[in-house]
file final_12.tsv (TSV, C-alpha atoms and all ligand atoms)
chain	number	residue	atom	x	y	z
T	1	MET	CA	17.28	-3.70	10.79
T	2	PRO	CA	13.47	-4.02	10.34
T	3	ALA	CA	12.06	-7.52	10.81
T	4	ARG	CA	11.31	-9.73	7.82
T	5	LEU	CA	8.07	-8.64	6.22
T	6	SER	CA	5.76	-11.33	4.86
T	7	LEU	CA	4.06	-9.97	1.76
T	8	ALA	CA	1.21	-12.42	2.32
T	9	ASP	CA	-0.24	-10.07	4.94
T	10	GLN	CA	0.18	-6.83	2.98
T	11	ARG	CA	-1.88	-4.64	0.71
T	12	ILE	CA	0.29	-4.58	-2.40
T	13	LEU	CA	0.30	-2.39	-5.49
T	14	VAL	CA	2.21	-3.83	-8.47
T	15	THR	CA	2.63	-1.15	-11.14
T	16	GLY	CA	3.29	-2.79	-14.49
T	17	GLY	CA	1.53	-5.92	-13.21
T	18	THR	CA	-0.03	-6.41	-16.65
T	19	GLY	CA	3.40	-6.66	-18.32
T	20	PHE	CA	5.87	-9.49	-19.00
T	21	LEU	CA	7.69	-9.39	-15.66
T	22	GLY	CA	4.56	-8.22	-13.85
T	23	ARG	CA	2.49	-11.31	-14.58
T	24	HIS	CA	5.28	-13.52	-13.17
T	25	VAL	CA	5.55	-11.33	-10.06
T	26	LEU	CA	1.79	-11.66	-9.56
T	27	ALA	CA	2.12	-15.46	-9.85
T	28	GLU	CA	4.96	-15.48	-7.30
T	29	LEU	CA	2.94	-13.33	-4.89
T	30	ARG	CA	-0.03	-15.69	-5.25
T	31	ARG	CA	2.27	-18.65	-4.63
T	32	ARG	CA	3.39	-17.04	-1.36
T	33	GLY	CA	-0.16	-16.42	-0.21
T	34	ALA	CA	-0.63	-12.71	-0.98
T	35	GLU	CA	-4.30	-12.01	-1.61
T	36	ARG	CA	-4.62	-8.23	-1.52
T	37	VAL	CA	-2.72	-7.42	-4.70
T	38	PHE	CA	-3.73	-4.59	-7.07
T	39	TYR	CA	-2.34	-4.14	-10.59
T	40	PRO	CA	-4.39	-1.78	-12.72
T	41	GLY	CA	-2.92	-1.24	-16.21
T	42	SER	CA	-2.28	2.02	-18.03
T	43	GLN	CA	-5.82	2.05	-19.42
T	44	VAL	CA	-7.12	2.52	-15.90
T	45	TYR	CA	-4.40	4.76	-14.47
T	46	ASP	CA	-1.84	6.39	-16.76
T	47	LEU	CA	1.15	6.75	-14.43
T	48	THR	CA	2.71	9.49	-16.57
T	49	ARG	CA	-0.19	11.71	-15.37
T	50	PRO	CA	0.38	12.96	-11.81
T	51	GLU	CA	-3.33	13.41	-11.05
T	52	GLN	CA	-3.99	9.80	-12.08
T	53	VAL	CA	-1.16	8.58	-9.83
T	54	ARG	CA	-2.77	10.50	-6.95
T	55	ARG	CA	-6.15	8.92	-7.70
T	56	LEU	CA	-4.57	5.47	-7.84
T	57	PHE	CA	-3.04	5.82	-4.36
T	58	ALA	CA	-6.27	7.25	-2.93
T	59	ALA	CA	-8.15	4.25	-4.34
T	60	VAL	CA	-5.72	1.44	-3.44
T	61	GLN	CA	-3.94	2.75	-0.31
T	62	PRO	CA	-1.13	0.19	-0.60
T	63	GLU	CA	1.27	-0.73	2.20
T	64	VAL	CA	3.82	-2.09	-0.28
T	65	VAL	CA	4.56	-0.90	-3.81
T	66	LEU	CA	6.46	-2.97	-6.37
T	67	HIS	CA	7.15	-0.44	-9.13
T	68	LEU	CA	7.61	-2.30	-12.41
T	69	ALA	CA	5.76	-0.02	-14.84
T	70	ALA	CA	8.08	1.27	-17.55
T	71	VAL	CA	8.52	1.85	-21.24
T	72	VAL	CA	10.87	-0.95	-22.30
T	73	GLY	CA	12.44	-2.25	-25.51
T	74	GLY	CA	15.52	-3.41	-27.38
T	75	ILE	CA	18.24	-1.26	-28.96
T	76	GLY	CA	16.03	-0.31	-31.94
T	77	ALA	CA	13.15	0.95	-29.80
T	78	ASN	CA	15.54	2.83	-27.46
T	79	ARG	CA	17.20	4.55	-30.43
T	80	GLU	CA	13.91	5.50	-32.08
T	81	GLN	CA	12.28	7.01	-29.00
T	82	PRO	CA	15.00	8.18	-26.56
T	83	GLY	CA	12.90	11.15	-25.41
T	84	ARG	CA	9.91	9.00	-24.55
T	85	PHE	CA	12.08	6.38	-22.84
T	86	PHE	CA	13.63	9.11	-20.69
T	87	TYR	CA	10.54	11.17	-19.86
T	88	GLU	CA	7.98	8.43	-19.23
T	89	ASN	CA	10.28	6.25	-17.15
T	90	ALA	CA	11.45	9.20	-15.06
T	91	ILE	CA	8.04	10.79	-14.51
T	92	MET	CA	6.32	7.50	-13.66
T	93	GLY	CA	8.92	6.61	-11.07
T	94	LEU	CA	9.10	10.08	-9.55
T	95	GLU	CA	5.35	10.40	-9.17
T	96	VAL	CA	4.70	6.86	-8.00
T	97	MET	CA	7.41	7.04	-5.31
T	98	GLU	CA	6.31	10.51	-4.19
T	99	GLN	CA	2.69	9.41	-3.79
T	100	ALA	CA	3.78	6.22	-2.04
T	101	ARG	CA	5.74	8.29	0.48
T	102	ARG	CA	2.90	10.77	1.01
T	103	SER	CA	0.31	8.05	1.46
T	104	GLY	CA	2.30	6.31	4.23
T	105	CYS	CA	3.36	3.23	2.26
T	106	THR	CA	5.91	1.23	4.26
T	107	ARG	CA	7.96	-0.52	1.52
T	108	PHE	CA	8.88	0.50	-2.00
T	109	VAL	CA	10.77	-1.58	-4.56
T	110	THR	CA	12.04	0.01	-7.78
T	111	ILE	CA	12.95	-2.27	-10.67
T	112	GLY	CA	16.06	-0.70	-12.13
T	113	THR	CA	18.21	-1.95	-14.95
T	114	ILE	CA	21.69	-3.07	-15.96
T	115	CYS	CA	21.44	-0.26	-18.57
T	116	SER	CA	22.24	2.19	-15.74
T	117	TYR	CA	25.85	0.97	-15.57
T	118	PRO	CA	28.68	2.87	-17.33
T	119	ARG	CA	29.50	1.63	-20.84
T	120	LEU	CA	32.89	0.17	-19.86
T	121	THR	CA	32.27	-1.18	-16.38
T	122	PRO	CA	34.77	-3.90	-15.35
T	123	VAL	CA	33.20	-7.36	-15.65
T	124	PRO	CA	31.53	-8.65	-13.54
T	125	PHE	CA	29.74	-5.38	-12.77
T	126	GLN	CA	29.82	-4.54	-9.07
T	127	GLU	CA	27.34	-2.12	-7.58
T	128	ARG	CA	30.17	0.15	-6.41
T	129	HIS	CA	31.03	0.93	-10.08
T	130	LEU	CA	27.55	2.24	-10.90
T	131	TRP	CA	28.62	5.91	-10.89
T	132	ASP	CA	31.99	5.53	-12.66
T	133	GLY	CA	30.92	6.77	-16.10
T	134	TYR	CA	28.22	7.43	-18.69
T	135	PRO	CA	26.06	4.49	-19.89
T	136	GLU	CA	26.16	2.97	-23.38
T	137	GLU	CA	24.66	5.69	-25.59
T	138	THR	CA	22.04	3.45	-27.24
T	139	ASN	CA	20.27	2.99	-23.89
T	140	ALA	CA	21.49	5.96	-21.82
T	141	PRO	CA	18.18	7.89	-21.65
T	142	TYR	CA	16.39	4.78	-20.34
T	143	GLY	CA	19.23	3.80	-18.01
T	144	LEU	CA	19.67	7.27	-16.57
T	145	ALA	CA	15.95	7.85	-16.05
T	146	LYS	CA	15.89	4.65	-13.99
T	147	LYS	CA	19.07	5.66	-12.16
T	148	MET	CA	17.42	8.86	-10.95
T	149	LEU	CA	14.92	6.67	-9.13
T	150	LEU	CA	17.82	5.17	-7.18
T	151	VAL	CA	18.80	8.69	-6.11
T	152	GLN	CA	15.18	9.48	-5.25
T	153	GLY	CA	14.86	6.39	-3.06
T	154	GLN	CA	18.14	7.13	-1.27
T	155	ALA	CA	17.16	10.77	-0.67
T	156	TYR	CA	13.73	9.73	0.64
T	157	ARG	CA	15.30	7.15	2.95
T	158	GLN	CA	17.66	9.83	4.32
T	159	GLN	CA	15.08	12.59	4.74
T	160	TYR	CA	11.85	10.69	5.47
T	161	GLY	CA	13.03	7.26	6.61
T	162	PHE	CA	11.20	5.85	3.57
T	163	ASP	CA	12.09	2.16	3.03
T	164	ALA	CA	12.85	2.23	-0.71
T	165	ILE	CA	15.12	-0.35	-2.35
T	166	HIS	CA	16.49	-0.48	-5.90
T	167	LEU	CA	17.14	-3.67	-7.88
T	168	LEU	CA	19.45	-3.53	-10.93
T	169	MET	CA	17.89	-6.15	-13.16
T	170	VAL	CA	19.75	-7.88	-15.96
T	171	ASN	CA	18.15	-8.74	-19.35
T	172	LEU	CA	15.14	-11.00	-18.80
T	173	TYR	CA	13.55	-13.66	-21.00
T	174	GLY	CA	10.83	-16.29	-20.68
T	175	PRO	CA	7.20	-17.12	-21.46
T	176	HIS	CA	5.02	-14.06	-22.23
T	177	ASP	CA	8.01	-12.02	-23.41
T	178	ASN	CA	7.42	-9.44	-26.13
T	179	PHE	CA	7.95	-11.04	-29.57
T	180	ASP	CA	7.01	-7.93	-31.59
T	181	PRO	CA	9.93	-7.42	-34.03
T	182	GLN	CA	9.68	-3.62	-33.64
T	183	SER	CA	10.29	-3.59	-29.89
T	184	SER	CA	11.48	-7.03	-28.74
T	185	HIS	CA	14.71	-7.79	-26.89
T	186	VAL	CA	17.39	-10.05	-28.32
T	187	ILE	CA	16.18	-13.52	-27.22
T	188	PRO	CA	12.60	-13.31	-28.54
T	189	ALA	CA	13.92	-11.60	-31.70
T	190	ILE	CA	16.29	-14.49	-32.45
T	191	ILE	CA	13.72	-17.17	-31.55
T	192	ARG	CA	11.20	-15.60	-33.89
T	193	LYS	CA	13.68	-15.29	-36.76
T	194	CYS	CA	14.79	-18.93	-36.40
T	195	LEU	CA	11.27	-20.35	-36.20
T	196	THR	CA	9.99	-18.19	-39.06
T	197	ALA	CA	12.92	-19.12	-41.32
T	198	ARG	CA	12.40	-22.80	-40.51
T	199	ALA	CA	8.66	-22.61	-41.20
T	200	GLN	CA	9.27	-20.85	-44.52
T	201	GLY	CA	12.13	-23.16	-45.56
T	202	ARG	CA	14.65	-20.28	-45.65
T	203	ARG	CA	18.33	-21.16	-45.16
T	204	GLN	CA	19.56	-17.83	-43.75
T	205	ILE	CA	18.76	-15.40	-41.02
T	206	THR	CA	20.42	-12.03	-40.42
T	207	LEU	CA	21.00	-10.70	-36.93
T	208	TRP	CA	22.00	-7.25	-35.65
T	209	GLY	CA	25.64	-6.37	-34.95
T	210	THR	CA	28.76	-8.51	-35.02
T	211	GLY	CA	27.74	-11.13	-32.46
T	212	THR	CA	30.81	-10.38	-30.33
T	213	ALA	CA	29.03	-8.39	-27.61
T	214	THR	CA	28.28	-10.39	-24.48
T	215	ARG	CA	25.16	-10.44	-22.33
T	216	GLU	CA	23.79	-12.07	-19.22
T	217	PHE	CA	20.22	-13.34	-19.05
T	218	LEU	CA	17.86	-14.17	-16.21
T	219	PHE	CA	14.80	-16.37	-16.56
T	220	VAL	CA	11.76	-14.25	-15.71
T	221	GLU	CA	10.43	-16.61	-13.01
T	222	ASP	CA	13.76	-16.30	-11.19
T	223	ALA	CA	13.53	-12.51	-11.49
T	224	ALA	CA	10.04	-12.55	-9.95
T	225	CYS	CA	11.33	-14.65	-7.09
T	226	ALA	CA	14.22	-12.22	-6.49
T	227	ILE	CA	11.84	-9.24	-6.35
T	228	VAL	CA	9.62	-10.84	-3.73
T	229	ASP	CA	12.64	-12.08	-1.72
T	230	ALA	CA	14.12	-8.56	-1.73
T	231	ALA	CA	10.80	-6.92	-0.87
T	232	GLU	CA	10.49	-9.19	2.15
T	233	ASN	CA	14.09	-9.19	3.38
T	234	TYR	CA	16.23	-6.32	2.09
T	235	HIS	CA	16.27	-2.88	3.74
T	236	SER	CA	19.15	-0.76	2.50
T	237	ALA	CA	19.86	2.31	0.39
T	238	GLU	CA	22.48	0.33	-1.57
T	239	PRO	CA	21.30	-0.94	-4.98
T	240	VAL	CA	21.47	-4.70	-5.64
T	241	ASN	CA	22.32	-6.53	-8.86
T	242	ILE	CA	19.82	-9.21	-9.86
T	243	GLY	CA	21.06	-11.67	-12.45
T	244	SER	CA	22.27	-15.19	-13.15
T	245	GLY	CA	25.97	-14.25	-13.12
T	246	HIS	CA	26.62	-16.07	-16.46
T	247	GLU	CA	28.01	-14.24	-19.49
T	248	ILE	CA	27.49	-15.39	-23.09
T	249	SER	CA	28.33	-13.84	-26.47
T	250	ILE	CA	25.43	-12.98	-28.74
T	251	ARG	CA	26.95	-15.30	-31.34
T	252	ALA	CA	27.00	-18.27	-28.94
T	253	LEU	CA	23.47	-17.38	-27.81
T	254	ALA	CA	22.23	-17.31	-31.42
T	255	GLU	CA	23.80	-20.71	-32.14
T	256	LYS	CA	22.21	-22.17	-29.03
T	257	ILE	CA	18.76	-20.78	-29.92
T	258	ALA	CA	19.08	-21.92	-33.55
T	259	ALA	CA	19.85	-25.47	-32.37
T	260	LEU	CA	16.93	-25.47	-29.92
T	261	CYS	CA	14.59	-24.17	-32.64
T	262	GLY	CA	15.79	-26.78	-35.15
T	263	PHE	CA	17.13	-24.12	-37.55
T	264	ASP	CA	20.34	-25.40	-39.21
T	265	GLY	CA	20.78	-22.67	-41.84
T	266	ASP	CA	23.35	-19.85	-41.84
T	267	ILE	CA	23.44	-17.01	-39.34
T	268	LEU	CA	24.62	-13.77	-41.00
T	269	TRP	CA	25.67	-10.70	-39.02
T	270	ASP	CA	24.75	-7.14	-40.04
T	271	ALA	CA	27.72	-5.23	-38.65
T	272	GLY	CA	26.10	-1.95	-39.76
T	273	LYS	CA	23.67	-2.33	-36.85
T	274	PRO	CA	24.85	-1.49	-33.33
T	275	ASP	CA	26.14	-4.10	-30.88
T	276	GLY	CA	25.18	-1.97	-27.88
T	277	GLN	CA	27.30	-2.26	-24.73
T	278	PRO	CA	30.39	-4.44	-25.44
T	279	ARG	CA	30.12	-6.69	-22.36
T	280	ARG	CA	27.49	-7.23	-19.69
T	281	CYS	CA	27.64	-9.50	-16.71
T	282	LEU	CA	26.74	-8.79	-13.10
T	283	ASP	CA	28.43	-9.71	-9.85
T	284	VAL	CA	25.45	-11.26	-8.07
T	285	SER	CA	27.05	-11.82	-4.67
T	286	ARG	CA	25.22	-9.00	-2.85
T	287	ALA	CA	21.79	-10.49	-3.56
T	288	ARG	CA	22.99	-13.89	-2.38
T	289	GLU	CA	24.55	-12.52	0.80
T	290	GLN	CA	21.82	-10.02	1.70
T	291	PHE	CA	18.64	-11.98	0.98
T	292	GLY	CA	19.71	-15.41	-0.23
T	293	PHE	CA	18.77	-15.07	-3.89
T	294	THR	CA	20.44	-17.31	-6.49
T	295	ALA	CA	19.00	-17.93	-9.96
T	296	GLN	CA	17.71	-21.50	-10.33
T	297	THR	CA	17.06	-21.87	-14.06
T	298	SER	CA	19.89	-22.62	-16.50
T	299	LEU	CA	19.95	-20.77	-19.82
T	300	ASP	CA	19.32	-24.00	-21.75
T	301	GLU	CA	16.29	-24.89	-19.66
T	302	GLY	CA	14.92	-21.34	-19.74
T	303	LEU	CA	15.33	-21.08	-23.52
T	304	ARG	CA	13.61	-24.44	-24.01
T	305	ARG	CA	10.65	-23.33	-21.92
T	306	THR	CA	10.46	-19.98	-23.74
T	307	ILE	CA	10.57	-21.59	-27.19
T	308	ASP	CA	7.96	-24.20	-26.14
T	309	TRP	CA	5.68	-21.42	-24.89
T	310	TYR	CA	6.03	-19.45	-28.13
T	311	ARG	CA	5.45	-22.57	-30.23
T	312	ARG	CA	2.31	-23.38	-28.23
T	313	LEU	CA	0.96	-19.96	-29.15
T	314	GLY	CA	0.91	-21.40	-32.65
T	315	ALA	CA	2.80	-18.35	-33.81
T	316	GLU	CA	5.20	-20.15	-36.12
T	401	LIG	N1	12.35	-7.13	-19.83
T	401	LIG	C1	13.61	-7.00	-19.46
T	401	LIG	O1	14.53	-7.63	-20.02
T	401	LIG	C2	13.98	-6.07	-18.34
T	401	LIG	C3	15.33	-5.97	-17.95
T	401	LIG	C4	15.67	-5.14	-16.91
T	401	LIG	C5	14.70	-4.41	-16.25
T	401	LIG	N2	13.40	-4.53	-16.66
T	401	LIG	C6	12.41	-3.73	-15.94
T	401	LIG	O2	11.36	-4.57	-15.54
T	401	LIG	C7	10.14	-3.86	-15.54
T	401	LIG	C8	9.08	-4.61	-16.31
T	401	LIG	O3	9.51	-4.74	-17.67
T	401	LIG	P1	8.71	-5.66	-18.70
T	401	LIG	O4	9.70	-6.27	-19.59
T	401	LIG	O5	7.73	-6.51	-17.97
T	401	LIG	O6	7.92	-4.57	-19.54
T	401	LIG	P2	6.51	-4.69	-20.30
T	401	LIG	O7	6.11	-6.08	-20.56
T	401	LIG	O8	6.60	-3.76	-21.47
T	401	LIG	O9	5.48	-4.10	-19.25
T	401	LIG	C9	5.46	-2.74	-18.98
T	401	LIG	C10	4.38	-2.50	-17.95
T	401	LIG	O10	4.41	-1.10	-17.64
T	401	LIG	C11	3.09	-0.61	-17.74
T	401	LIG	N3	3.10	0.78	-18.18
T	401	LIG	C12	3.81	1.33	-19.21
T	401	LIG	N4	3.47	2.62	-19.35
T	401	LIG	C13	2.55	2.89	-18.39
T	401	LIG	C14	1.81	4.05	-18.04
T	401	LIG	N5	1.96	5.23	-18.71
T	401	LIG	N6	0.94	3.97	-17.02
T	401	LIG	C15	0.76	2.80	-16.34
T	401	LIG	N7	1.43	1.67	-16.62
T	401	LIG	C16	2.30	1.72	-17.65
T	401	LIG	C17	2.41	-1.48	-18.77
T	401	LIG	O11	1.00	-1.41	-18.55
T	401	LIG	P3	-0.05	-1.62	-19.78
T	401	LIG	O12	0.31	-2.94	-20.40
T	401	LIG	O13	-1.36	-1.64	-19.12
T	401	LIG	O14	0.18	-0.48	-20.72
T	401	LIG	C18	2.98	-2.85	-18.44
T	401	LIG	O15	2.26	-3.45	-17.39
T	401	LIG	C19	10.46	-2.48	-16.07
T	401	LIG	O16	10.63	-1.60	-15.00
T	401	LIG	C20	11.76	-2.67	-16.80
T	401	LIG	O17	12.53	-1.48	-16.84
T	401	LIG	C21	13.01	-5.34	-17.67

call {"tool": "encode", "arguments": {"input": "final_12.tsv", "output": "structure tokens"}}
result
Amino acid sequence: MPARLSLADQRILVTGGTGFLGRHVLAELRRRGAERVFYPGSQVYDLTRPEQVRRLFAAVQPEVVLHLAAVVGGIGANREQPGRFFYENAIMGLEVMEQARRSGCTRFVTIGTICSYPRLTPVPFQERHLWDGYPEETNAPYGLAKKMLLVQGQAYRQQYGFDAIHLLMVNLYGPHDNFDPQSSHVIPAIIRKCLTARAQGRRQITLWGTGTATREFLFVEDAACAIVDAAENYHSAEPVNIGSGHEISIRALAEKIAALCGFDGDILWDAGKPDGQPRRCLDVSRAREQFGFTAQTSLDEGLRRTIDWYRRLGAE
């Protein structure tokens, strides 16, 4: 096995470094002493354009690539733009990994997703069940595009000895999350609805689905820590789940958020809207065993910090 690699000494490219997870990864890299970190946004290099990906690698010449760039969103956004979610996520990953390999980069980390798992995976999801069926249809184009990058990394490791790893990331939340109602994930969507209703004196909010689906959530600072830990210490073709290992129903989550936001009105459920995958919770033992990662932030603490951050924005 290759020796532990300290990222502090490396020339690092973080694609998607301007995004929600990206800014926390940059903070974690800074905390660990990395100084040569590059993270141009899509305005500078559009990674869906192969010639721009080539120019980026010629300009930066990274030793390590953390590939976070993606088109991301909740169920609504995935259902409205399945073609874009498939094409852009696939093409960005394919081109970025190909140029990384060609340019002699020594480590490559792909941020994959829990959406790659089959719809009815036994809970908790173990990595060995990843290929046992088709994903939940509301997020299949996104999940499968990302899953192809796992295959790409494994094929490149086999043929070229390229040290690519793939992290299957659970749903994230935290400060700097996307609170845009058109594209946000479930936690910022519920926070926003509760705080808006409270500010406007409304006694009801309506949420998507039945509330019975379950999810697992990971605080974004923990996710950033896991990525850097894996980049430094994990060298295998096998994908790794990254999560907190705690499952909660959307109904219980909504009640918890409402209480933390001080909203004591009624929560109505619009069962005409999709629930998405029925249950989601990862087995997180491989990450713990292989590179010592365990999530540190409880859901209550993480939600409190997220709500405080959003309140400080003065948004509601
Ligand atoms: N958020 C979650 O709950 C979650 C869960 C599992 C996995 N993930 C994965 O984590 C990663 C980061 O997600 P996120 O939530 O941080 O997303 P985000 O906030 O939407 O950030 C997306 C990033 O990708 C970049 N990007 C998008 N299109 C690009 C293009 N054509 N060219 C260059 N850069 C482009 C964006 O750059 P600009 O801002 O400059 O356009 C931005 O930096 C993604 O790979 C996602 O699949 C996220």

call {"tool": "residues_around", "arguments": {"input": "final_12.tsv", "residues": "Pro181 (chain T)", "least_positions_apart": "3", "cutoff": "12 Å", "atoms": "all atoms listed in the file", "output": "NGL selection string"}}
result
:T and (73-77 or 177-178 or 184-193 or 196 or 207)

call {"tool": "residues_near_ligand", "arguments": {"input": "final_12.tsv", "ligand": "ligand LIG 401 (chain T)", "cutoff": "6 Å", "atoms": "all atoms listed in the file", "output": "number ranges by chain"}}
result
T: 16-22, 41-43, 45-48, 68-72, 111-113, 169-172

call {"tool": "atom_distance", "arguments": {"input": "final_12.tsv", "atom1": "CA of Gln52 (chain T)", "atom2": "CA of Leu149 (chain T)"}}
result
19.4 Å

call {"tool": "residues_around", "arguments": {"input": "final_12.tsv", "residues": "Ala145 (chain T)", "least_positions_apart": "2", "cutoff": "10 Å", "atoms": "all atoms listed in the file", "output": "list in words"}}
result
Phe85, Phe86, Tyr87, Glu88, Asn89, Ala90, Ile91, Met92, Gly93, Leu94, Gly112, Ser116, Ala140, Pro141, Tyr142, Gly143, Lys147, Met148, Leu149 and Leu150 of chain T

call {"tool": "closest_residue", "arguments": {"input": "final_12.tsv", "among": "T:Phe217, T:Arg288, T:Glu247, T:Gln126", "to": "Gly302 (chain T)", "atoms": "only C-alpha atoms"}}
result
T:Phe217

call {"tool": "residues_around", "arguments": {"input": "final_12.tsv", "residues": "Gln99 (chain T)", "least_positions_apart": "2", "cutoff": "8 Å", "atoms": "only C-alpha atoms", "output": "PyMOL selection string"}}
result
chain T and resi 53-54+57+95-97+101-103

call {"tool": "closest_residue", "arguments": {"input": "final_12.tsv", "among": "T:Val109, T:Leu303, T:Ile248, T:Val25", "to": "Ala223 (chain T)", "atoms": "all atoms listed in the file"}}
result
T:Val25

call {"tool": "residues_around", "arguments": {"input": "final_12.tsv", "residues": "Pro239 (chain T)", "least_positions_apart": "5", "cutoff": "8 Å", "atoms": "only C-alpha atoms", "output": "PyMOL selection string"}}
result
chain T and resi 127+150+165-168

call {"tool": "write_last_selection", "arguments": {"input": "final_12.tsv", "atoms": "C-alpha atoms", "output": "CSV table (one decimal), in the frame of the given file"}}
result
chain,number,residue,atom,x,y,z
T,127,GLU,CA,27.3,-2.1,-7.6
T,150,LEU,CA,17.8,5.2,-7.2
T,165,ILE,CA,15.1,-0.4,-2.4
T,166,HIS,CA,16.5,-0.5,-5.9
T,167,LEU,CA,17.1,-3.7,-7.9
T,168,LEU,CA,19.4,-3.5,-10.9

call {"tool": "atom_distance", "arguments": {"input": "final_12.tsv", "atom1": "CA of Tyr39 (chain T)", "atom2": "CA of Leu13 (chain T)"}}
result
6.0 Å

call {"tool": "closest_residue", "arguments": {"input": "final_12.tsv", "among": "T:Val151, T:Ala237, T:Ala271, T:Ala231", "to": "Thr206 (chain T)", "atoms": "all atoms listed in the file"}}
result
T:Ala271

call {"tool": "closest_residue", "arguments": {"input": "final_12.tsv", "among": "T:Thr214, T:Glu232, T:Phe291, T:Ala59", "to": "Gln10 (chain T)", "atoms": "only C-alpha atoms"}}
result
T:Glu232

call {"tool": "atom_distance", "arguments": {"input": "final_12.tsv", "atom1": "CA of Glu80 (chain T)", "atom2": "CA of Asn241 (chain T)"}}
result
27.5 Å

call {"tool": "decode", "arguments": {"input": "final_12.tsv", "residues": "region 142-161 of chain T", "atoms": "N, CA and C atoms", "output": "PDB file, in the first residue's frame"}}
result
ATOM      1  N   TYR T 142     -28.809  11.287 -12.382  1.00  0.00           N
ATOM      2  CA  TYR T 142     -27.709  11.860 -11.575  1.00  0.00           C
ATOM      3  C   TYR T 142     -26.878  10.743 -10.943  1.00  0.00           C
ATOM      4  N   GLY T 143     -27.574   9.785 -10.308  1.00  0.00           N
ATOM      5  CA  GLY T 143     -26.866   8.718  -9.598  1.00  0.00           C
ATOM      6  C   GLY T 143     -26.063   7.828 -10.529  1.00  0.00           C
ATOM      7  N   LEU T 144     -26.598   7.560 -11.705  1.00  0.00           N
ATOM      8  CA  LEU T 144     -25.893   6.683 -12.642  1.00  0.00           C
ATOM      9  C   LEU T 144     -24.736   7.406 -13.320  1.00  0.00           C
ATOM     10  N   ALA T 145     -24.901   8.684 -13.609  1.00  0.00           N
ATOM     11  CA  ALA T 145     -23.781   9.445 -14.187  1.00  0.00           C
ATOM     12  C   ALA T 145     -22.587   9.392 -13.228  1.00  0.00           C
ATOM     13  N   LYS T 146     -22.872   9.580 -11.939  1.00  0.00           N
ATOM     14  CA  LYS T 146     -21.804   9.537 -10.933  1.00  0.00           C
ATOM     15  C   LYS T 146     -21.211   8.129 -10.816  1.00  0.00           C
ATOM     16  N   LYS T 147     -22.082   7.123 -10.965  1.00  0.00           N
ATOM     17  CA  LYS T 147     -21.630   5.741 -10.814  1.00  0.00           C
ATOM     18  C   LYS T 147     -20.661   5.346 -11.931  1.00  0.00           C
ATOM     19  N   MET T 148     -20.856   5.944 -13.109  1.00  0.00           N
ATOM     20  CA  MET T 148     -19.924   5.663 -14.209  1.00  0.00           C
ATOM     21  C   MET T 148     -18.509   6.139 -13.867  1.00  0.00           C
ATOM     22  N   LEU T 149     -18.423   7.134 -13.013  1.00  0.00           N
ATOM     23  CA  LEU T 149     -17.094   7.636 -12.631  1.00  0.00           C
ATOM     24  C   LEU T 149     -16.398   6.654 -11.693  1.00  0.00           C
ATOM     25  N   LEU T 150     -17.194   5.853 -10.978  1.00  0.00           N
ATOM     26  CA  LEU T 150     -16.600   4.770 -10.187  1.00  0.00           C
ATOM     27  C   LEU T 150     -15.969   3.746 -11.133  1.00  0.00           C
ATOM     28  N   VAL T 151     -16.723   3.397 -12.179  1.00  0.00           N
ATOM     29  CA  VAL T 151     -16.209   2.423 -13.152  1.00  0.00           C
ATOM     30  C   VAL T 151     -14.950   2.984 -13.825  1.00  0.00           C
ATOM     31  N   GLN T 152     -15.005   4.264 -14.188  1.00  0.00           N
ATOM     32  CA  GLN T 152     -13.844   4.888 -14.833  1.00  0.00           C
ATOM     33  C   GLN T 152     -12.612   4.804 -13.934  1.00  0.00           C
ATOM     34  N   GLY T 153     -12.783   5.146 -12.670  1.00  0.00           N
ATOM     35  CA  GLY T 153     -11.644   5.115 -11.749  1.00  0.00           C
ATOM     36  C   GLY T 153     -11.090   3.706 -11.583  1.00  0.00           C
ATOM     37  N   GLN T 154     -11.997   2.724 -11.505  1.00  0.00           N
ATOM     38  CA  GLN T 154     -11.543   1.328 -11.348  1.00  0.00           C
ATOM     39  C   GLN T 154     -10.811   0.859 -12.604  1.00  0.00           C
ATOM     40  N   ALA T 155     -11.340   1.215 -13.778  1.00  0.00           N
ATOM     41  CA  ALA T 155     -10.692   0.817 -15.034  1.00  0.00           C
ATOM     42  C   ALA T 155      -9.321   1.478 -15.169  1.00  0.00           C
ATOM     43  N   TYR T 156      -9.227   2.743 -14.766  1.00  0.00           N
ATOM     44  CA  TYR T 156      -7.943   3.463 -14.866  1.00  0.00           C
ATOM     45  C   TYR T 156      -6.926   2.904 -13.863  1.00  0.00           C
ATOM     46  N   ARG T 157      -7.415   2.490 -12.704  1.00  0.00           N
ATOM     47  CA  ARG T 157      -6.492   1.884 -11.727  1.00  0.00           C
ATOM     48  C   ARG T 157      -5.928   0.585 -12.315  1.00  0.00           C
ATOM     49  N   GLN T 158      -6.836  -0.211 -12.931  1.00  0.00           N
ATOM     50  CA  GLN T 158      -6.428  -1.511 -13.480  1.00  0.00           C
ATOM     51  C   GLN T 158      -5.458  -1.329 -14.657  1.00  0.00           C
ATOM     52  N   GLN T 159      -5.807  -0.434 -15.582  1.00  0.00           N
ATOM     53  CA  GLN T 159      -4.986  -0.321 -16.796  1.00  0.00           C
ATOM     54  C   GLN T 159      -3.751   0.557 -16.616  1.00  0.00           C
ATOM     55  N   TYR T 160      -3.922   1.672 -15.880  1.00  0.00           N
ATOM     56  CA  TYR T 160      -2.821   2.662 -15.813  1.00  0.00           C
ATOM     57  C   TYR T 160      -2.189   2.758 -14.425  1.00  0.00           C
ATOM     58  N   GLY T 161      -2.727   2.026 -13.452  1.00  0.00           N
ATOM     59  CA  GLY T 161      -2.211   2.179 -12.091  1.00  0.00           C
ATOM     60  C   GLY T 161      -2.566   3.544 -11.505  1.00  0.00           C
TER      61      GLY T 161
END
